[in-house]
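*Asks:* File data-v7.cif below, mmCIF, C-alpha atoms:
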data_target
#
loop_
_atom_site.label_atom_id
_atom_site.label_comp_id
_atom_site.auth_asym_id
_atom_site.auth_seq_id
_atom_site.Cartn_x
_atom_site.Cartn_y
_atom_site.Cartn_z
CA MET S 76 -39.00 -92.02 119.86
CA ILE S 77 -39.06 -94.92 117.42
CA ARG S 78 -38.09 -92.58 114.56
CA LYS S 79 -35.17 -91.28 116.65
CA LEU S 80 -33.97 -94.83 117.36
CA ILE S 81 -34.17 -95.71 113.68
CA THR S 82 -32.24 -92.57 112.77
CA LEU S 83 -29.53 -93.33 115.34
CA THR S 84 -29.30 -96.93 114.15
CA LEU S 85 -28.92 -95.91 110.53
CA LEU S 86 -26.33 -93.29 111.50
CA GLY S 87 -24.43 -95.94 113.44
CA LEU S 88 -24.51 -98.30 110.47
CA TRP S 89 -23.18 -95.54 108.21
CA LEU S 90 -20.39 -94.61 110.62
CA ALA S 91 -19.43 -98.19 111.54
CA PRO S 92 -17.18 -98.95 108.58
CA PHE S 93 -15.57 -95.53 108.90
CA CYS S 94 -14.83 -96.04 112.59
CA HIS S 95 -13.43 -99.55 112.28
CA ALA S 96 -11.31 -99.17 109.16
CA GLN S 97 -8.35 -97.44 110.80
CA LYS S 98 -9.49 -93.94 109.97
CA PRO S 99 -7.99 -90.81 111.52
CA LYS S 100 -9.59 -88.98 114.44
CA LEU S 101 -11.58 -86.33 112.57
CA THR S 102 -13.68 -83.37 113.64
CA ASN S 103 -15.38 -80.67 111.58
CA ALA S 104 -14.82 -82.47 108.29
CA LYS S 105 -17.38 -82.81 105.51
CA ILE S 106 -16.43 -86.35 104.53
CA GLN S 107 -17.01 -87.86 101.11
CA GLU S 108 -15.70 -91.35 100.43
CA VAL S 109 -14.33 -91.81 96.91
CA SER S 110 -13.24 -94.94 95.06
CA VAL S 111 -9.74 -95.11 93.60
CA ALA S 112 -10.62 -97.91 91.21
CA GLY S 113 -9.50 -95.75 88.29
CA GLY S 114 -6.07 -95.16 89.81
CA LEU S 115 -4.91 -92.73 92.48
CA GLN S 116 -3.43 -90.06 90.20
CA SER S 117 -6.50 -89.89 87.96
CA THR S 118 -8.82 -89.88 90.99
CA VAL S 119 -6.93 -86.98 92.58
CA ASN S 120 -6.88 -85.11 89.26
CA SER S 121 -10.63 -85.57 88.89
CA ILE S 122 -11.38 -84.34 92.41
CA THR S 123 -9.04 -81.39 92.05
CA GLN S 124 -10.56 -80.24 88.78
CA LYS S 125 -14.18 -80.46 89.91
CA GLN S 126 -13.74 -79.02 93.41
CA GLU S 127 -14.73 -75.40 93.88
CA GLY S 128 -12.94 -73.81 96.81
CA PRO S 129 -10.38 -75.31 99.22
CA ALA S 130 -10.68 -78.96 100.26
CA TRP S 131 -8.58 -81.90 101.40
CA ILE S 132 -7.93 -85.40 100.11
CA GLY S 133 -6.83 -88.07 102.58
CA TYR S 134 -5.77 -91.70 102.65
CA LYS S 135 -3.83 -94.22 104.72
CA ILE S 136 -0.26 -95.39 104.03
CA PRO S 137 1.75 -98.26 105.53
CA THR S 138 4.69 -97.24 107.72
CA VAL S 139 7.48 -99.11 109.47
CA PRO S 140 6.36 -99.50 113.11
CA LYS S 141 8.58 -97.39 115.37
CA GLU S 142 8.27 -94.90 118.20
CA ARG S 143 7.02 -92.01 116.14
CA SER S 144 4.31 -89.43 116.64
CA MET S 145 3.34 -86.97 113.92
CA CYS S 146 1.14 -84.21 115.22
CA CYS S 147 1.27 -80.41 115.52
CA ASN S 148 2.94 -80.32 118.92
CA ARG S 149 4.84 -82.44 121.39
CA HIS S 150 1.74 -83.09 123.48
CA CYS S 151 -0.34 -84.57 120.66
CA MET S 152 -3.27 -82.33 121.55
CA GLY S 153 -4.44 -82.44 117.96
CA CYS S 154 -4.18 -80.23 114.90
CA ASN S 155 -6.23 -77.62 113.20
CA VAL S 156 -4.98 -78.55 109.75
CA GLU S 157 -5.92 -75.19 108.25
CA SER S 158 -3.75 -73.24 110.67
CA ASN S 159 -0.88 -75.73 110.65
CA GLU S 160 1.38 -73.91 108.22
CA SER S 161 4.68 -75.51 109.18
CA GLY S 162 3.60 -79.14 108.96
CA SER S 163 3.56 -81.88 111.54
CA PHE S 164 5.98 -82.27 114.41
CA ILE S 165 7.77 -85.60 114.24
CA GLY S 166 9.03 -87.12 117.45
CA SER S 167 8.00 -89.38 120.28
CA SER S 168 6.01 -88.76 123.41
CA SER S 169 4.91 -91.35 125.93
CA ASP S 170 1.89 -89.16 126.67
CA CYS S 171 0.29 -89.72 123.29
CA GLU S 172 1.75 -92.76 121.56
CA PRO S 173 -0.50 -95.81 121.22
CA PRO S 174 0.50 -98.88 123.31
CA GLU S 175 2.21 -100.40 120.28
CA PRO S 176 3.77 -98.53 117.33
CA LEU S 177 1.28 -98.61 114.46
CA ARG S 178 2.00 -99.74 110.93
CA TYR S 179 0.18 -96.89 109.25
CA ALA S 180 -0.18 -93.10 109.05
CA TYR S 181 -2.34 -90.68 107.07
CA VAL S 182 -1.46 -88.51 104.09
CA PHE S 183 -3.53 -85.40 103.38
CA LEU S 184 -3.39 -83.22 100.27
CA ARG S 185 -4.81 -79.72 100.35
CA MET S 186 -6.20 -78.42 97.09
CA GLU S 187 -7.18 -74.94 96.07
CA GLN S 188 -7.47 -73.19 92.71
CA LYS S 189 -7.49 -76.57 90.93
CA GLU S 190 -4.11 -77.74 92.23
CA ILE S 191 -2.51 -79.51 95.18
CA GLN S 192 -0.80 -76.87 97.31
CA LYS S 193 0.10 -78.74 100.52
CA VAL S 194 1.02 -82.22 101.70
CA ARG S 195 0.69 -83.20 105.36
CA VAL S 196 1.26 -86.50 107.17
CA TYR S 197 -0.20 -87.33 110.60
CA SER S 198 -0.08 -90.35 112.86
CA ALA S 199 -3.11 -92.15 114.26
CA ASP S 200 -2.69 -90.57 117.71
CA CYS S 201 -3.32 -87.07 116.37
CA GLY S 202 -6.85 -85.65 116.32
CA LEU S 203 -7.50 -83.52 113.23
CA ASP S 204 -9.86 -80.55 112.88
CA PHE S 205 -10.66 -79.72 109.25
CA ALA S 206 -12.45 -76.41 109.92
CA ASN S 207 -15.64 -77.60 108.17
CA LEU S 208 -13.89 -78.06 104.82
CA PRO S 209 -14.66 -80.98 102.49
CA LEU S 210 -12.49 -84.06 102.97
CA TYR S 211 -12.42 -86.64 100.18
CA TRP S 212 -11.44 -89.92 101.82
CA LEU S 213 -9.83 -92.55 99.59
CA GLU S 214 -9.82 -96.21 100.59
CA ASN S 215 -7.38 -98.97 99.58
CA VAL S 216 -4.73 -96.71 98.08
CA SER S 217 -1.83 -98.71 96.68
CA PRO S 218 1.50 -97.71 98.30
CA PRO S 219 3.36 -97.57 94.95
CA GLU S 220 0.61 -95.33 93.53
CA SER S 221 0.87 -93.08 96.58
CA VAL S 222 4.65 -92.84 96.18
CA ALA S 223 4.28 -92.09 92.46
CA LEU S 224 1.75 -89.32 93.18
CA LEU S 225 3.99 -87.74 95.81
CA LEU S 226 7.06 -88.06 93.61
CA ASN S 227 5.23 -86.24 90.84
CA LEU S 228 4.26 -83.46 93.27
CA ALA S 229 7.86 -83.13 94.48
CA VAL S 230 9.33 -83.07 90.98
CA THR S 231 6.73 -80.62 89.68
CA ALA S 232 7.21 -78.29 92.64
CA THR S 233 11.00 -78.28 92.31
CA SER S 234 10.82 -77.75 88.55
CA GLU S 235 8.74 -74.60 89.07
CA ASN S 236 11.60 -72.54 90.48
CA ALA S 237 10.81 -73.88 93.94
CA GLU S 238 13.94 -72.57 95.61
CA LYS S 239 12.66 -69.02 95.03
CA ASN S 240 9.07 -69.92 95.96
CA GLU S 241 8.62 -70.89 99.60
CA LYS S 242 5.19 -72.48 99.05
CA LYS S 243 6.55 -74.72 96.32
CA SER S 244 9.59 -75.54 98.45
CA ASN S 245 7.38 -76.54 101.37
CA LEU S 246 5.20 -78.66 99.10
CA ALA S 247 8.27 -80.52 97.84
CA ASP S 248 9.72 -80.90 101.36
CA HIS S 249 6.54 -82.45 102.74
CA ALA S 250 6.08 -84.69 99.71
CA ILE S 251 9.60 -86.03 100.26
CA MET S 252 8.86 -86.68 103.92
CA ALA S 253 5.65 -88.50 103.02
CA ILE S 254 7.48 -90.68 100.50
CA ALA S 255 10.12 -91.61 103.08
CA LEU S 256 7.49 -92.78 105.56
CA HIS S 257 6.06 -95.46 103.24
CA ASP S 258 6.86 -99.04 104.19
CA ASP S 259 7.32 -99.97 100.54
CA SER S 260 10.37 -100.44 98.31
CA SER S 261 8.96 -97.97 95.78
CA ALA S 262 9.85 -95.22 98.29
CA ASP S 263 13.56 -96.09 98.01
CA SER S 264 13.41 -95.88 94.22
CA ALA S 265 11.63 -92.51 94.37
CA LEU S 266 14.11 -91.07 96.86
CA GLU S 267 17.01 -92.28 94.75
CA LYS S 268 15.58 -90.31 91.82
CA LEU S 269 15.33 -87.20 93.99
CA ILE S 270 18.89 -87.34 95.31
CA GLN S 271 20.50 -87.48 91.88
CA PRO S 272 23.13 -84.75 91.21
CA GLY S 273 20.84 -83.02 88.70
CA GLN S 274 18.15 -82.32 91.32
CA PRO S 275 17.97 -78.99 93.22
CA GLU S 276 20.34 -78.90 96.18
CA ARG S 277 17.57 -78.27 98.72
CA THR S 278 15.72 -81.33 97.47
CA ARG S 279 18.85 -83.48 97.72
CA GLU S 280 19.51 -82.27 101.27
CA ARG S 281 15.96 -83.14 102.38
CA VAL S 282 16.23 -86.56 100.78
CA ALA S 283 19.56 -87.24 102.53
CA PHE S 284 17.98 -86.40 105.88
CA TRP S 285 15.00 -88.69 105.39
CA LEU S 286 17.14 -91.51 104.03
CA GLY S 287 18.93 -91.50 107.37
CA VAL S 288 15.84 -91.08 109.54
CA GLU S 289 13.42 -93.51 107.92
CA ARG S 290 14.93 -95.81 105.30
CA GLY S 291 17.13 -98.15 107.32
CA LYS S 292 19.83 -100.13 105.54
CA LYS S 293 18.71 -99.17 102.05
CA GLY S 294 18.73 -95.52 103.06
CA PHE S 295 22.27 -95.85 104.37
CA GLU S 296 23.40 -97.49 101.14
CA LEU S 297 21.94 -94.61 99.12
CA LEU S 298 23.62 -92.06 101.40
CA ARG S 299 26.98 -93.76 100.90
CA LYS S 300 26.42 -93.93 97.15
CA TYR S 301 25.27 -90.34 96.57
CA VAL S 302 26.65 -88.25 99.44
CA LYS S 303 30.10 -89.43 100.45
CA ASP S 304 31.86 -88.69 97.16
CA ASP S 305 29.62 -85.95 95.75
CA PRO S 306 31.72 -83.14 94.21
CA ASN S 307 29.52 -80.44 95.80
CA GLU S 308 31.19 -79.53 99.10
CA HIS S 309 28.21 -77.54 100.36
CA PHE S 310 25.85 -80.45 99.71
CA ARG S 311 28.16 -82.93 101.45
CA GLY S 312 28.38 -80.65 104.47
CA LYS S 313 24.58 -80.57 104.78
CA ALA S 314 23.85 -84.16 103.78
CA VAL S 315 26.32 -85.69 106.25
CA PHE S 316 23.52 -85.13 108.80
CA GLY S 317 21.78 -88.14 107.24
CA PHE S 318 24.58 -90.45 108.40
CA ALA S 319 24.20 -89.08 111.93
CA GLN S 320 20.46 -89.83 111.86
CA SER S 321 20.78 -93.41 110.63
CA LYS S 322 20.58 -96.26 113.15
CA GLU S 323 22.61 -98.57 110.92
CA PRO S 324 25.98 -99.50 112.51
CA GLU S 325 27.78 -98.85 109.21
CA ALA S 326 26.53 -95.26 109.19
CA LEU S 327 28.61 -94.34 112.23
CA ARG S 328 31.71 -95.83 110.61
CA GLU S 329 31.08 -93.77 107.48
CA LEU S 330 30.59 -90.63 109.55
CA ILE S 331 33.92 -91.26 111.28
CA SER S 332 35.56 -91.87 107.91
CA ILE S 333 34.20 -88.54 106.61
CA ALA S 334 35.43 -86.76 109.74
CA ARG S 335 38.91 -88.15 109.13
CA ASN S 336 39.28 -88.19 105.39
CA ASP S 337 36.98 -85.78 103.53
CA SER S 338 38.95 -83.38 101.35
CA SER S 339 36.97 -80.40 102.68
CA ALA S 340 37.71 -78.92 106.10
CA HIS S 341 34.10 -77.71 106.21
CA VAL S 342 32.70 -81.20 105.66
CA ARG S 343 35.11 -82.75 108.18
CA GLY S 344 34.00 -80.14 110.69
CA GLN S 345 30.33 -80.93 110.08
CA ALA S 346 30.93 -84.65 110.53
CA ILE S 347 32.79 -83.97 113.79
CA PHE S 348 29.94 -81.78 115.03
CA TRP S 349 27.41 -84.58 114.46
CA LEU S 350 29.68 -87.10 116.18
CA GLY S 351 29.51 -84.82 119.20
CA GLN S 352 25.72 -84.77 119.04
CA ILE S 353 25.59 -88.57 118.99
CA GLY S 354 27.85 -88.79 122.07
CA GLY S 355 29.65 -91.79 123.53
CA ARG S 356 33.22 -92.92 124.14
CA LYS S 357 33.92 -93.97 120.56
CA GLU S 358 32.68 -90.68 119.18
CA ALA S 359 34.68 -88.72 121.77
CA GLU S 360 37.83 -90.57 120.75
CA GLN S 361 37.32 -89.59 117.13
CA ILE S 362 36.73 -85.95 118.06
CA THR S 363 39.88 -85.75 120.18
CA ALA S 364 41.81 -87.44 117.36
CA ALA S 365 40.63 -84.66 115.04
CA ILE S 366 41.84 -82.06 117.52
CA GLU S 367 45.27 -83.66 117.54
CA ASN S 368 45.66 -84.69 113.92
CA ASP S 369 43.55 -82.58 111.57
CA PRO S 370 45.78 -80.15 109.63
CA GLU S 371 43.23 -77.31 109.71
CA THR S 372 42.87 -75.12 112.80
CA GLU S 373 39.21 -74.42 111.93
CA VAL S 374 38.47 -78.14 112.03
CA LYS S 375 40.23 -78.40 115.40
CA LYS S 376 38.06 -75.54 116.71
CA ARG S 377 34.96 -77.29 115.38
CA ALA S 378 36.02 -80.44 117.23
CA VAL S 379 36.45 -78.48 120.46
CA PHE S 380 32.92 -77.16 120.02
CA ALA S 381 31.69 -80.72 119.43
CA LEU S 382 33.18 -81.82 122.77
CA ALA S 383 31.39 -78.94 124.49
CA GLN S 384 28.08 -80.06 122.97
CA MET S 385 28.27 -83.70 124.04
CA HIS S 386 25.41 -84.93 126.20
CA ASN S 387 25.59 -85.01 130.00
CA GLY S 388 28.96 -83.29 130.10
CA GLU S 389 30.71 -86.28 128.53
CA GLY S 390 33.18 -84.00 126.77
CA ILE S 391 34.21 -81.88 129.79
CA PRO S 392 37.21 -83.99 130.91
CA LEU S 393 38.44 -84.10 127.32
CA LEU S 394 38.02 -80.33 126.96
CA ILE S 395 40.03 -79.78 130.13
CA ASN S 396 42.76 -82.02 128.77
CA VAL S 397 42.80 -80.06 125.49
CA ALA S 398 43.04 -76.80 127.42
CA LYS S 399 45.96 -78.18 129.42
CA THR S 400 48.00 -79.99 126.78
CA ASN S 401 47.22 -79.00 123.20
CA LYS S 402 50.18 -77.41 121.43
CA ASN S 403 48.05 -75.02 119.38
CA PRO S 404 47.36 -71.83 121.41
CA VAL S 405 44.24 -71.06 119.36
CA VAL S 406 42.81 -74.49 120.20
CA ARG S 407 43.69 -74.12 123.90
CA ARG S 408 41.93 -70.75 124.04
CA GLU S 409 38.90 -72.23 122.27
CA ALA S 410 38.73 -75.06 124.81
CA ILE S 411 38.91 -72.59 127.71
CA ARG S 412 36.22 -70.42 126.09
CA TRP S 413 33.79 -73.33 125.82
CA LEU S 414 34.62 -74.57 129.32
CA GLY S 415 33.59 -71.15 130.57
CA MET S 416 30.19 -71.50 128.91
CA THR S 417 29.31 -74.94 130.28
CA ASN S 418 28.49 -74.13 133.94
CA ASP S 419 29.87 -77.58 134.72
CA ALA S 420 31.48 -77.85 138.17
CA ARG S 421 34.55 -79.61 136.78
CA ALA S 422 35.04 -76.86 134.23
CA LEU S 423 34.64 -74.16 136.87
CA ASP S 424 37.17 -75.88 139.14
CA TYR S 425 39.72 -75.95 136.31
CA LEU S 426 39.09 -72.32 135.34
CA GLU S 427 39.50 -71.30 138.97
CA GLN S 428 42.86 -73.07 139.07
CA ILE S 429 44.26 -71.27 136.02
CA LEU S 430 42.90 -67.88 137.13
CA THR S 431 44.35 -68.05 140.64
CA LYS S 432 47.85 -69.14 139.67
#
For this file, produce the structure as structure tokens.
*Replies:*
Amino acid sequence: MIRKLITLTLLGLWLAPFCHAQKPKLTNAKIQEVSVAGGLQSTVNSITQKQEGPAWIGYKIPTVPKERSMCCNRHCMGCNVESNESGSFIGSSSDCEPPEPLRYAYVFLRMEQKEIQKVRVYSADCGLDFANLPLYWLENVSPPESVALLLNLAVTATSENAEKNEKKSNLADHAIMAIALHDDSSADSALEKLIQPGQPERTRERVAFWLGVERGKKGFELLRKYVKDDPNEHFRGKAVFGFAQSKEPEALRELISIARNDSSAHVRGQAIFWLGQIGGRKEAEQITAAIENDPETEVKKRAVFALAQMHNGEGIPLLINVAKTNKNPVVRREAIRWLGMTNDARALDYLEQILTK
């Protein structure tokens, strides 16, 4: 009995620092704590080269506190990290968020065959099952060193013909996401490097998205600098999504400006679509202005679609007005087509009127 008490006491003393140092909720992990005194990159290189078989490396990063949950599903029931091929779901759920948004998250690197093959990020509310694999836990990782490590992974992956290699593409995508989540100015510098015109288009598109989602005012400034006037029409059409994701007031003004003035009908149409997804009176006004004033019929049709997609049927009265009054017969037919798909009572009433005349 005494021996059992001593054993339990010693076990508690060993676990105490691990439990109280803001560690993730871990199960089935063979944990080894490793010092990063020699630098994060060299420590990861050393672990990777000596490890036989698959294993994980993990550490904590600072994040901007916001309503955000990063787990494998919308119910935050936990993750089996070995079977989580697609990465972590990012969203919010009142069922699993902590009482206050936390200022940290966890980065995990999966290694096999002497190289890092996956990057994953999870929030503190997500329980993690490591399937009895080794987990090297690193304490006191410097945020700039973490960003530099992840930047190196992203650049290396994209330089190895990543767009034709889905595993490399996913590695780069998740490294970019992890960089964007850091509450540190080094993340902005790293993302600016990755959105440069010489980078692969997929990389630039992912960076544009995360600049809008996570990087606040600095992210908006980088979007305006590198997206708005980029010569690549296809990239602009994809990257305009970043403006729609940003919470900065200036981002909406830029999105409206793109919807009005971009030289490409495709890009204008994309901007109009995202205005419809945002919803609201101001956005609806811009969409109807595009229907009236844009010189391209395809953009007008895209704007009609955007009205149909507005939340809570906000666009239905405007669609009915387009169907009644627009001078372009193609646009009127498009409005009627989308009204017929809405199942909204107001739309059905209008369609009944025109069918029974």
*Asks:* Can you turn the PyMOL selection byres ((chain S and resi 186) around 9) into a concrete residue list for this file, as a list in words?
*Replies:* Thr123, Gln126, Gly128, Pro129, Ala130, Trp131, Ile132, Leu184, Arg185, Glu187, Gln188, Lys189, Glu190, Ile191, Gln192 and Lys193 of chain S
*Asks:* Starting from the PyMOL selection byres ((chain S and resi 183) around 10), expand the selection into actual residues of this file and give them as a list in words.
*Replies:*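 With the shown file as input, the PyMOL selection byres ((chain S and resi 183) around 10) matches Trp131, Ile132, Gly133, Tyr134, Lys135, Val156, Tyr181, Val182, Leu184, Arg185, Met186, Lys193, Val194, Arg195, Val196, Tyr197, Leu210, Tyr211, Trp212 and Ala253 of chain S.
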*Asks:* Give me the residues within 12 Å of Lys98 in chain S as number ranges by chain, counting only C-alpha atoms and dropping any in the same chain fewer than 5 places off.
*Replies:* S: 90-93, 106, 108, 133-136, 179-182, 197-203, 212-215
*Asks:* Please indicate the distance in Å from CA of Gln116 in chain S to CA of Thr138 in chain S, rounded to one decimal place.
*Replies:*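 Straight-line distance from CA of Gln116 in chain S to CA of Thr138 in chain S works out to 20.6 Å.
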*Asks:* Return the padded bounding box of range 126-140 of chain S as JSON: axis-aligned, built from all atoms listed in the file, 8 Å added on each side, with centre and edge lengths in Å to one decimal.
*Replies:*
{"center_x": -3.6, "center_y": -86.7, "center_z": 103.3, "size_x": 38.2, "size_y": 41.7, "size_z": 35.7}
*Asks:* Translate the PyMOL selection byres ((chain S and resi 350-363) around 9) into a concrete residue list for this structure, as number ranges by chain.
*Replies:* S: 319-320, 327, 330-331, 334-335, 345-349, 364-368, 375, 378-386, 389-390, 393-394, 397
*Asks:* I need the residue nearest Gln97 in chain S from this list: S:Ile429, S:Leu286, S:Leu226, S:Leu177. Use all atoms listed in the file for the distance.
*Replies:*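 Between S:Ile429, S:Leu286, S:Leu226, S:Leu177, the residue approaching Gln97 in chain S most closely is S:Leu177.
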*Asks:* Which one is closest to Lys292 in chain S: S:Ala326, S:Leu414, S:Val342, S:Leu246? Count only C-alpha atoms.
*Replies:*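 Looking at the shortest contact to Lys292 in chain S, the residue is S:Ala326.
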*Asks:* Determine the nearest neighbour of Ala250 in chain S from the options S:Leu228, S:Leu298, S:Val406, S:Ile122, counting all atoms listed in the file.
*Replies:*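 Closest to Ala250 in chain S, using all atoms listed in the file: S:Leu228.
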*Asks:* Counting all atoms listed in the file, figure out which residue out of S:Gly114, S:Gly317, S:Gly415, S:Gly287 gets nearest to Ser221 in chain S.
*Replies:*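 Comparing S:Gly114, S:Gly317, S:Gly415, S:Gly287 against Ser221 in chain S, the winner is S:Gly114.
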*Asks:* Would you work out the distance separating CA of Asn120 in chain S from CA of Gly153 in chain S, expressed in Å to one decimal?
*Replies:*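 We find that CA of Asn120 in chain S and CA of Gly153 in chain S lie 28.9 Å from each other.
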*Asks:* What lies within 10 Å of Asp248 in chain S using all atoms listed in the file, ignoring chain neighbours under 6 positions off, as a ChimeraX atom specification?
*Replies:* /S:162,193-194,229,232-233,242,277-278,280-282
*Asks:* Output C-alpha atoms for every residue in the selection just made, as a compact mmCIF listing (two decimals), in the coordinates of the input.
*Replies:*
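part_20.txt was written with the following content:
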# COMPACT_ATOMS: atom_id res chain seq x y z
CA GLY S 162 3.60 -79.14 108.96
CA LYS S 193 0.10 -78.74 100.52
CA VAL S 194 1.02 -82.22 101.70
CA ALA S 229 7.86 -83.13 94.48
CA ALA S 232 7.21 -78.29 92.64
CA THR S 233 11.00 -78.28 92.31
CA LYS S 242 5.19 -72.48 99.05
CA ARG S 277 17.57 -78.27 98.72
CA THR S 278 15.72 -81.33 97.47
CA GLU S 280 19.51 -82.27 101.27
CA ARG S 281 15.96 -83.14 102.38
CA VAL S 282 16.23 -86.56 100.78
*Asks:* Find the residues near Asn396 in chain S: any atom within 9 Å, counting all atoms listed in the file, skip ones fewer than 5 places away on the same chain, and give them as an MDAnalysis selection string.
*Replies:* chainID S and resid 391 401 410
*Asks:* So the first atom is CA of Arg328 in chain S and the second is CA of Glu409 in chain S; what is the distance between them in Å, to one decimal place?
*Replies:*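 According to the coordinates, CA of Arg328 in chain S and CA of Glu409 in chain S are separated by 27.3 Å.
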*Asks:* Determine, counting all atoms listed in the file, which protein, DNA and RNA residues have an atom within 10 Å of an atom of Glu267 in chain S; residues of the same chain fewer than 6 positions away are not included. Present the result as a PDB file with C-alpha atoms, in the frame of the given file.
*Replies:*
ATOM      1  CA  SER S 261       8.960 -97.970  95.780  1.00  0.00           C
ATOM      2  CA  ARG S 279      18.850 -83.480  97.720  1.00  0.00           C
ATOM      3  CA  VAL S 282      16.230 -86.560 100.780  1.00  0.00           C
ATOM      4  CA  ALA S 283      19.560 -87.240 102.530  1.00  0.00           C
ATOM      5  CA  LEU S 286      17.140 -91.510 104.030  1.00  0.00           C
ATOM      6  CA  GLY S 294      18.730 -95.520 103.060  1.00  0.00           C
ATOM      7  CA  LEU S 297      21.940 -94.610  99.120  1.00  0.00           C
ATOM      8  CA  LEU S 298      23.620 -92.060 101.400  1.00  0.00           C
ATOM      9  CA  LYS S 300      26.420 -93.930  97.150  1.00  0.00           C
ATOM     10  CA  TYR S 301      25.270 -90.340  96.570  1.00  0.00           C
TER      11      TYR S 301
END
